[in-house]
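Text of start_4.pdb, listed as PDB, C-alpha atoms, pLDDT in the B column:
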```
ATOM      1  CA  MET A   1      33.586 -55.383 182.691  1.00 46.00           C
ATOM      2  CA  THR A   2      33.513 -54.594 178.984  1.00 49.00           C
ATOM      3  CA  SER A   3      30.916 -52.281 177.497  1.00 52.00           C
ATOM      4  CA  SER A   4      29.227 -55.216 175.729  1.00 54.00           C
ATOM      5  CA  ALA A   5      29.037 -57.098 179.053  1.00 53.00           C
ATOM      6  CA  SER A   6      27.589 -53.981 180.710  1.00 53.00           C
ATOM      7  CA  ALA A   7      25.025 -53.664 177.939  1.00 56.00           C
ATOM      8  CA  SER A   8      24.178 -57.355 178.315  1.00 56.00           C
ATOM      9  CA  ASN A   9      23.606 -56.938 182.077  1.00 53.00           C
ATOM     10  CA  ARG A  10      21.444 -53.848 181.505  1.00 56.00           C
ATOM     11  CA  ASP A  11      19.351 -55.855 179.034  1.00 60.00           C
ATOM     12  CA  ARG A  12      18.922 -58.685 181.566  1.00 53.00           C
ATOM     13  CA  PHE A  13      17.776 -56.221 184.266  1.00 52.00           C
ATOM     14  CA  ALA A  14      15.398 -54.537 181.819  1.00 58.00           C
ATOM     15  CA  GLU A  15      13.858 -57.937 181.066  1.00 62.00           C
ATOM     16  CA  GLY A  16      13.519 -58.698 184.798  1.00 57.00           C
ATOM     17  CA  ARG A  17      16.107 -61.513 184.753  1.00 55.00           C
ATOM     18  CA  GLY A  18      18.832 -59.808 186.893  1.00 55.00           C
ATOM     19  CA  THR A  19      22.400 -61.104 186.686  1.00 57.00           C
ATOM     20  CA  GLY A  20      21.981 -64.283 188.711  1.00 58.00           C
ATOM     21  CA  PRO A  21      22.486 -64.982 192.354  1.00 55.00           C
ATOM     22  CA  THR A  22      24.570 -62.653 194.497  1.00 54.00           C
ATOM     23  CA  PRO A  23      27.545 -64.334 196.166  1.00 54.00           C
ATOM     24  CA  SER A  24      27.107 -64.984 199.879  1.00 54.00           C
ATOM     25  CA  GLN A  25      28.886 -62.845 202.428  1.00 51.00           C
ATOM     26  CA  THR A  26      30.099 -63.433 205.945  1.00 51.00           C
ATOM     27  CA  VAL A  27      27.880 -62.198 208.770  1.00 51.00           C
ATOM     28  CA  GLY A  28      30.333 -59.980 210.655  1.00 52.00           C
ATOM     29  CA  PRO A  29      32.451 -59.788 212.621  1.00 52.00           C
ATOM     30  CA  PHE A  30      31.709 -56.096 212.682  1.00 55.00           C
ATOM     31  CA  TYR A  31      30.768 -55.712 216.354  1.00 55.00           C
ATOM     32  CA  GLY A  32      34.080 -54.258 217.476  1.00 58.00           C
ATOM     33  CA  TYR A  33      33.588 -51.191 215.319  1.00 56.00           C
ATOM     34  CA  ALA A  34      31.578 -48.329 216.861  1.00 57.00           C
ATOM     35  CA  LEU A  35      29.514 -50.477 219.248  1.00 67.00           C
ATOM     36  CA  PRO A  36      31.806 -50.896 222.268  1.00 68.00           C
ATOM     37  CA  PHE A  37      32.198 -47.699 224.291  1.00 68.00           C
ATOM     38  CA  PRO A  38      34.628 -46.519 226.973  1.00 71.00           C
ATOM     39  CA  GLY A  39      33.869 -48.193 230.290  1.00 79.00           C
ATOM     40  CA  GLY A  40      31.209 -50.426 228.740  1.00 84.00           C
ATOM     41  CA  GLY A  41      31.785 -53.151 231.305  1.00 90.00           C
ATOM     42  CA  ASP A  42      31.903 -50.808 234.301  1.00 89.00           C
ATOM     43  CA  VAL A  43      28.228 -50.777 235.258  1.00 89.00           C
ATOM     44  CA  ALA A  44      28.845 -50.229 238.995  1.00 89.00           C
ATOM     45  CA  PRO A  45      29.591 -46.640 239.962  1.00 85.00           C
ATOM     46  CA  ALA A  46      33.318 -46.023 240.415  1.00 82.00           C
ATOM     47  CA  GLY A  47      34.578 -47.050 243.854  1.00 88.00           C
ATOM     48  CA  ASP A  48      31.281 -48.615 244.985  1.00 92.00           C
ATOM     49  CA  PRO A  49      32.190 -51.024 247.817  1.00 95.00           C
ATOM     50  CA  ALA A  50      29.341 -53.373 246.819  1.00 95.00           C
ATOM     51  CA  ALA A  51      30.690 -53.856 243.284  1.00 96.00           C
ATOM     52  CA  ILE A  52      31.093 -57.409 242.023  1.00 97.00           C
ATOM     53  CA  THR A  53      32.984 -58.783 239.034  1.00 97.00           C
ATOM     54  CA  VAL A  54      31.406 -61.246 236.611  1.00 98.00           C
ATOM     55  CA  HIS A  55      33.746 -62.571 233.954  1.00 98.00           C
ATOM     56  CA  GLY A  56      34.071 -65.452 231.529  1.00 98.00           C
ATOM     57  CA  ARG A  57      34.735 -66.530 228.000  1.00 98.00           C
ATOM     58  CA  VAL A  58      32.600 -67.129 224.929  1.00 97.00           C
ATOM     59  CA  TYR A  59      33.162 -70.472 223.157  1.00 96.00           C
ATOM     60  CA  ASP A  60      31.964 -71.765 219.789  1.00 94.00           C
ATOM     61  CA  GLY A  61      30.630 -75.262 219.113  1.00 91.00           C
ATOM     62  CA  ALA A  62      34.133 -76.705 218.717  1.00 93.00           C
ATOM     63  CA  GLY A  63      35.176 -75.347 222.114  1.00 94.00           C
ATOM     64  CA  ASP A  64      37.328 -72.591 220.644  1.00 95.00           C
ATOM     65  CA  ALA A  65      37.227 -69.081 222.070  1.00 96.00           C
ATOM     66  CA  VAL A  66      35.248 -66.483 220.098  1.00 94.00           C
ATOM     67  CA  PRO A  67      37.495 -63.411 219.879  1.00 92.00           C
ATOM     68  CA  ASP A  68      34.981 -61.045 218.336  1.00 87.00           C
ATOM     69  CA  ALA A  69      31.694 -61.470 220.185  1.00 91.00           C
ATOM     70  CA  LEU A  70      29.793 -58.567 221.690  1.00 92.00           C
ATOM     71  CA  LEU A  71      27.759 -58.955 224.880  1.00 95.00           C
ATOM     72  CA  GLU A  72      25.078 -56.586 226.131  1.00 94.00           C
ATOM     73  CA  PHE A  73      23.929 -56.734 229.744  1.00 95.00           C
ATOM     74  CA  TRP A  74      20.735 -55.412 231.347  1.00 93.00           C
ATOM     75  CA  GLN A  75      19.947 -55.797 234.993  1.00 94.00           C
ATOM     76  CA  ALA A  76      18.042 -54.575 238.001  1.00 94.00           C
ATOM     77  CA  ASP A  77      19.710 -52.500 240.685  1.00 92.00           C
ATOM     78  CA  PRO A  78      20.323 -54.057 244.134  1.00 93.00           C
ATOM     79  CA  ALA A  79      16.762 -53.156 245.211  1.00 92.00           C
ATOM     80  CA  GLY A  80      15.293 -54.996 242.194  1.00 92.00           C
ATOM     81  CA  ASN A  81      14.387 -51.789 240.320  1.00 88.00           C
ATOM     82  CA  LEU A  82      14.605 -52.216 236.549  1.00 85.00           C
ATOM     83  CA  ALA A  83      14.238 -48.521 235.676  1.00 76.00           C
ATOM     84  CA  GLY A  84      17.996 -47.907 235.490  1.00 68.00           C
ATOM     85  CA  ALA A  85      19.315 -44.426 234.858  1.00 66.00           C
ATOM     86  CA  PRO A  86      20.210 -42.660 231.637  1.00 63.00           C
ATOM     87  CA  GLY A  87      23.830 -42.158 230.812  1.00 62.00           C
ATOM     88  CA  SER A  88      25.472 -45.318 229.486  1.00 60.00           C
ATOM     89  CA  LEU A  89      25.896 -43.889 226.019  1.00 61.00           C
ATOM     90  CA  ARG A  90      26.424 -40.204 226.845  1.00 62.00           C
ATOM     91  CA  ARG A  91      27.965 -38.200 224.028  1.00 65.00           C
ATOM     92  CA  ASP A  92      30.648 -35.554 224.330  1.00 69.00           C
ATOM     93  CA  PRO A  93      28.884 -32.292 223.367  1.00 73.00           C
ATOM     94  CA  VAL A  94      32.010 -30.983 221.637  1.00 80.00           C
ATOM     95  CA  THR A  95      33.202 -33.974 219.606  1.00 72.00           C
ATOM     96  CA  GLY A  96      30.042 -36.071 219.455  1.00 67.00           C
ATOM     97  CA  ALA A  97      32.063 -39.136 220.491  1.00 65.00           C
ATOM     98  CA  VAL A  98      30.605 -41.578 223.006  1.00 61.00           C
ATOM     99  CA  ALA A  99      31.802 -40.425 226.421  1.00 62.00           C
ATOM    100  CA  GLY A 100      30.461 -43.409 228.356  1.00 61.00           C
ATOM    101  CA  ARG A 101      29.133 -43.259 231.884  1.00 63.00           C
ATOM    102  CA  ASN A 102      29.557 -40.413 234.288  1.00 65.00           C
ATOM    103  CA  GLY A 103      30.993 -42.837 236.899  1.00 66.00           C
ATOM    104  CA  VAL A 104      28.382 -41.974 239.511  1.00 71.00           C
ATOM    105  CA  ASP A 105      25.002 -43.336 238.394  1.00 76.00           C
ATOM    106  CA  PHE A 106      24.022 -46.998 238.124  1.00 82.00           C
ATOM    107  CA  THR A 107      22.476 -47.406 234.662  1.00 82.00           C
ATOM    108  CA  GLY A 108      21.801 -51.154 234.617  1.00 88.00           C
ATOM    109  CA  PHE A 109      23.255 -51.457 231.097  1.00 89.00           C
ATOM    110  CA  GLY A 110      26.641 -52.638 229.879  1.00 89.00           C
ATOM    111  CA  ARG A 111      28.236 -53.563 226.553  1.00 90.00           C
ATOM    112  CA  VAL A 112      31.467 -55.542 226.346  1.00 93.00           C
ATOM    113  CA  ALA A 113      33.444 -56.962 223.437  1.00 91.00           C
ATOM    114  CA  THR A 114      35.411 -60.164 223.966  1.00 94.00           C
ATOM    115  CA  ASP A 115      39.193 -59.973 223.693  1.00 93.00           C
ATOM    116  CA  ALA A 116      41.464 -62.085 221.478  1.00 93.00           C
ATOM    117  CA  ASP A 117      41.018 -65.031 223.890  1.00 96.00           C
ATOM    118  CA  GLY A 118      37.222 -64.721 224.039  1.00 96.00           C
ATOM    119  CA  ARG A 119      37.335 -63.158 227.518  1.00 97.00           C
ATOM    120  CA  TRP A 120      34.977 -60.523 228.870  1.00 97.00           C
ATOM    121  CA  VAL A 121      34.602 -58.711 232.210  1.00 97.00           C
ATOM    122  CA  LEU A 122      31.656 -56.903 233.786  1.00 96.00           C
ATOM    123  CA  ARG A 123      31.915 -54.857 237.004  1.00 95.00           C
ATOM    124  CA  THR A 124      28.458 -54.312 238.412  1.00 96.00           C
ATOM    125  CA  LEU A 125      26.227 -54.474 241.476  1.00 95.00           C
ATOM    126  CA  ALA A 126      24.419 -57.652 242.491  1.00 97.00           C
ATOM    127  CA  PRO A 127      20.951 -57.516 240.892  1.00 96.00           C
ATOM    128  CA  GLY A 128      18.035 -57.491 243.325  1.00 95.00           C
ATOM    129  CA  ASN A 129      16.031 -59.870 241.141  1.00 94.00           C
ATOM    130  CA  GLY A 130      18.851 -62.460 241.115  1.00 94.00           C
ATOM    131  CA  TYR A 131      19.958 -62.395 237.483  1.00 97.00           C
ATOM    132  CA  ILE A 132      21.672 -60.390 234.779  1.00 97.00           C
ATOM    133  CA  SER A 133      20.186 -60.546 231.274  1.00 96.00           C
ATOM    134  CA  VAL A 134      22.680 -61.077 228.447  1.00 97.00           C
ATOM    135  CA  CYS A 135      22.352 -60.614 224.695  1.00 95.00           C
ATOM    136  CA  VAL A 136      25.060 -62.317 222.623  1.00 95.00           C
ATOM    137  CA  PHE A 137      26.139 -61.104 219.182  1.00 90.00           C
ATOM    138  CA  ALA A 138      28.812 -63.149 217.382  1.00 87.00           C
ATOM    139  CA  ARG A 139      30.074 -64.069 213.931  1.00 81.00           C
ATOM    140  CA  GLY A 140      27.987 -66.699 212.239  1.00 78.00           C
ATOM    141  CA  LEU A 141      24.858 -65.882 214.247  1.00 78.00           C
ATOM    142  CA  LEU A 142      22.054 -64.640 212.053  1.00 76.00           C
ATOM    143  CA  HIS A 143      20.125 -63.586 215.156  1.00 85.00           C
ATOM    144  CA  HIS A 144      21.392 -62.524 218.553  1.00 90.00           C
ATOM    145  CA  LEU A 145      20.901 -64.890 221.491  1.00 94.00           C
ATOM    146  CA  PHE A 146      19.436 -64.160 224.921  1.00 96.00           C
ATOM    147  CA  THR A 147      20.536 -65.804 228.138  1.00 97.00           C
ATOM    148  CA  ARG A 148      20.823 -64.972 231.826  1.00 97.00           C
ATOM    149  CA  VAL A 149      23.516 -65.072 234.489  1.00 98.00           C
ATOM    150  CA  TYR A 150      22.210 -66.239 237.875  1.00 97.00           C
ATOM    151  CA  LEU A 151      24.493 -65.525 240.815  1.00 97.00           C
ATOM    152  CA  ALA A 152      22.691 -68.019 243.087  1.00 96.00           C
ATOM    153  CA  PRO A 153      20.262 -70.937 242.608  1.00 95.00           C
ATOM    154  CA  ASP A 154      16.798 -69.791 241.539  1.00 96.00           C
ATOM    155  CA  PRO A 155      13.442 -71.615 241.135  1.00 95.00           C
ATOM    156  CA  PHE A 156      13.459 -70.739 237.411  1.00 95.00           C
ATOM    157  CA  LEU A 157      16.501 -72.977 236.905  1.00 95.00           C
ATOM    158  CA  ASP A 158      14.451 -75.970 238.146  1.00 94.00           C
ATOM    159  CA  THR A 159      11.917 -75.445 235.322  1.00 94.00           C
ATOM    160  CA  LEU A 160      14.552 -76.264 232.694  1.00 94.00           C
ATOM    161  CA  PRO A 161      15.304 -79.803 231.464  1.00 92.00           C
ATOM    162  CA  ALA A 162      17.438 -81.875 233.847  1.00 88.00           C
ATOM    163  CA  GLY A 163      20.945 -80.472 234.262  1.00 89.00           C
ATOM    164  CA  ARG A 164      20.428 -77.550 231.887  1.00 94.00           C
ATOM    165  CA  GLY A 165      19.851 -74.941 234.596  1.00 94.00           C
ATOM    166  CA  ARG A 166      23.485 -75.175 235.651  1.00 95.00           C
ATOM    167  CA  THR A 167      24.476 -73.516 232.349  1.00 96.00           C
ATOM    168  CA  LEU A 168      22.874 -70.294 233.645  1.00 97.00           C
ATOM    169  CA  LEU A 169      24.450 -70.403 237.106  1.00 97.00           C
ATOM    170  CA  ALA A 170      27.662 -68.428 237.575  1.00 98.00           C
ATOM    171  CA  GLU A 171      30.461 -70.086 239.531  1.00 97.00           C
ATOM    172  CA  ARG A 172      31.442 -68.153 242.630  1.00 97.00           C
ATOM    173  CA  GLU A 173      35.247 -68.023 242.599  1.00 98.00           C
ATOM    174  CA  ARG A 174      35.640 -65.915 245.733  1.00 97.00           C
ATOM    175  CA  GLU A 175      33.845 -63.094 247.517  1.00 96.00           C
ATOM    176  CA  GLY A 176      32.517 -60.695 244.884  1.00 96.00           C
ATOM    177  CA  VAL A 177      33.933 -62.576 241.852  1.00 98.00           C
ATOM    178  CA  TYR A 178      31.888 -64.883 239.592  1.00 98.00           C
ATOM    179  CA  ARG A 179      32.732 -66.787 236.418  1.00 98.00           C
ATOM    180  CA  PHE A 180      30.186 -67.361 233.668  1.00 98.00           C
ATOM    181  CA  ASP A 181      31.257 -68.960 230.386  1.00 98.00           C
ATOM    182  CA  ILE A 182      28.957 -68.863 227.375  1.00 98.00           C
ATOM    183  CA  HIS A 183      28.973 -71.887 225.054  1.00 97.00           C
ATOM    184  CA  LEU A 184      27.225 -71.138 221.761  1.00 95.00           C
ATOM    185  CA  GLN A 185      26.838 -74.832 220.806  1.00 93.00           C
ATOM    186  CA  GLY A 186      27.958 -78.288 221.748  1.00 92.00           C
ATOM    187  CA  GLU A 187      27.796 -80.514 224.785  1.00 90.00           C
ATOM    188  CA  LYS A 188      28.067 -77.598 227.231  1.00 93.00           C
ATOM    189  CA  GLU A 189      25.729 -75.292 225.277  1.00 95.00           C
ATOM    190  CA  THR A 190      24.367 -72.466 227.395  1.00 96.00           C
ATOM    191  CA  VAL A 191      20.576 -72.273 227.688  1.00 95.00           C
ATOM    192  CA  PHE A 192      19.318 -69.514 225.404  1.00 95.00           C
ATOM    193  CA  LEU A 193      15.896 -68.004 225.976  1.00 93.00           C
ATOM    194  CA  ASP A 194      13.191 -67.221 223.408  1.00 89.00           C
ATOM    195  CA  PHE A 195      11.221 -64.086 224.181  1.00 79.00           C
ATOM    196  CA  GLY A 196       9.244 -64.228 220.928  1.00 67.00           C
TER
END
```
Will you turn the file into structure tokens for me?
Amino acid sequence: MTSSASASNRDRFAEGRGTGPTPSQTVGPFYGYALPFPGGGDVAPAGDPAAITVHGRVYDGAGDAVPDALLEFWQADPAGNLAGAPGSLRRDPVTGAVAGRNGVDFTGFGRVATDADGRWVLRTLAPGNGYISVCVFARGLLHHLFTRVYLAPDPFLDTLPAGRGRTLLAEREREGVYRFDIHLQGEKETVFLDFG
């Protein structure tokens, strides 16, 4: 910018006219930086024989995988207790880096980034209240989205419009393994909940 252009812009600001509209910018994807932490999808304590695996993919409205989404999970423990335990985001006292879980306590919280094919995996314990809460962050979303993963049919699913409850029901693939795909838009759009 030349000095005369700089002077012109200063004059416009001084007069309250600014320099015109600011160009738009992309919303993300910035979730893969600093937010995921080691063992973020390993909510169940290491070696727990009751651990289950819930996995899936995140899809956009065109049916393409979303390679840079971030999912946060909150859930009750097997007894239905929502208190959880501290420790998901422990910090190393020497380096200050996120150390992750201690591998022993069930915290009820997980954070997982999708891979290049939109896949994610959560290893957890079956929630005593029947569902896992999910918060979805992804490129192009101005606000995060809330949904739930139900591992079995639930009366809440019957309160949704016809056929929509099935979008919240995980598919049991085999003992201890469930699949739950998240569709951000389109014909198969997952039900998203409004807690406002």
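Atom pair atom CA of A:Asp158 / atom CA of A:Asp181 has a distance of 19.8 Å (rounded to one decimal).
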Worksheet item: Mind telling me what the PyMOL selection byres ((chain A and resi 127) around 12) catches here, as a PyMOL selection string?
Response: chain A and resi 43-44+50-52+54+73-82+84+106-109+123-126+128-133+148-152
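Minimum distance to A:Leu70 across A:Ala46, A:Val104, A:Val94, A:Ala138 (counting only C-alpha atoms) occurs at A:Ala138.
Among A:Pro49, A:Glu171, A:Phe195, A:Arg166, the residue with the shortest atom-to-atom distance to A:Asp154, counting all atoms listed in the file, is A:Arg166.
Neighbours of A:Gly56 closer than or equal to 8 Å, with only C-alpha atoms counted and sequence neighbours fewer than 2 positions away skipped, come out as A:Val54, A:Val58, A:Arg119, A:Trp120, A:Val121, A:Arg179, A:Phe180, A:Asp181, A:Ile182.
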Worksheet item: Skipping near chain neighbours, those fewer than 4 positions away, what residues fall within 10 Å of A:Pro155 using only C-alpha atoms, listed as a list in words?
Response: Thr159, Leu160 and Gly165 of chain A
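Restricting the calculation to all atoms listed in the file, the smallest distance between A:Gly63 and any of A:Leu168, A:Val177, A:Cys135, A:Gly118 is found for A:Gly118.
Between atom CA of A:Tyr59 and atom CA of A:Pro38 the separation is 24.3 Å.
Remark: for A:Asp60, the closest of the candidate residues A:Leu184, A:Val112, A:Leu141, A:Leu157 is A:Leu184 (distances computed over only C-alpha atoms).
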Practice prompt. Have a look at atom CA of A:Arg139 and atom CA of A:Asp68 and let me know their distance in Å, one decimal.
Written response: 7.3 Å
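Selection result for the displayed file, with the PyMOL selection byres ((chain A and resi 167) around 8) as criterion, is Arg164, Gly165, Arg166, Leu168, Leu169, Ala170, Lys188, Glu189, Thr190 and Val191 of chain A.
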Return the padded bounding box of stretch 147-165 of chain A as AutoDock Vina command-line options: axis-aligned, built from all atoms listed in the file, 5 Å added on each side, with centre and edge lengths in Å to one decimal.
```
--center_x 18.2 --center_y -73.4 --center_z 235.6 --size_x 22.6 --size_y 26.9 --size_z 24.9
```
Fill in: Minimum-distance residue to A:Gly47, chosen among A:Asp194, A:Asp64, A:Glu72, A:Asp105 (using all atoms listed in the file)
A:Asp105
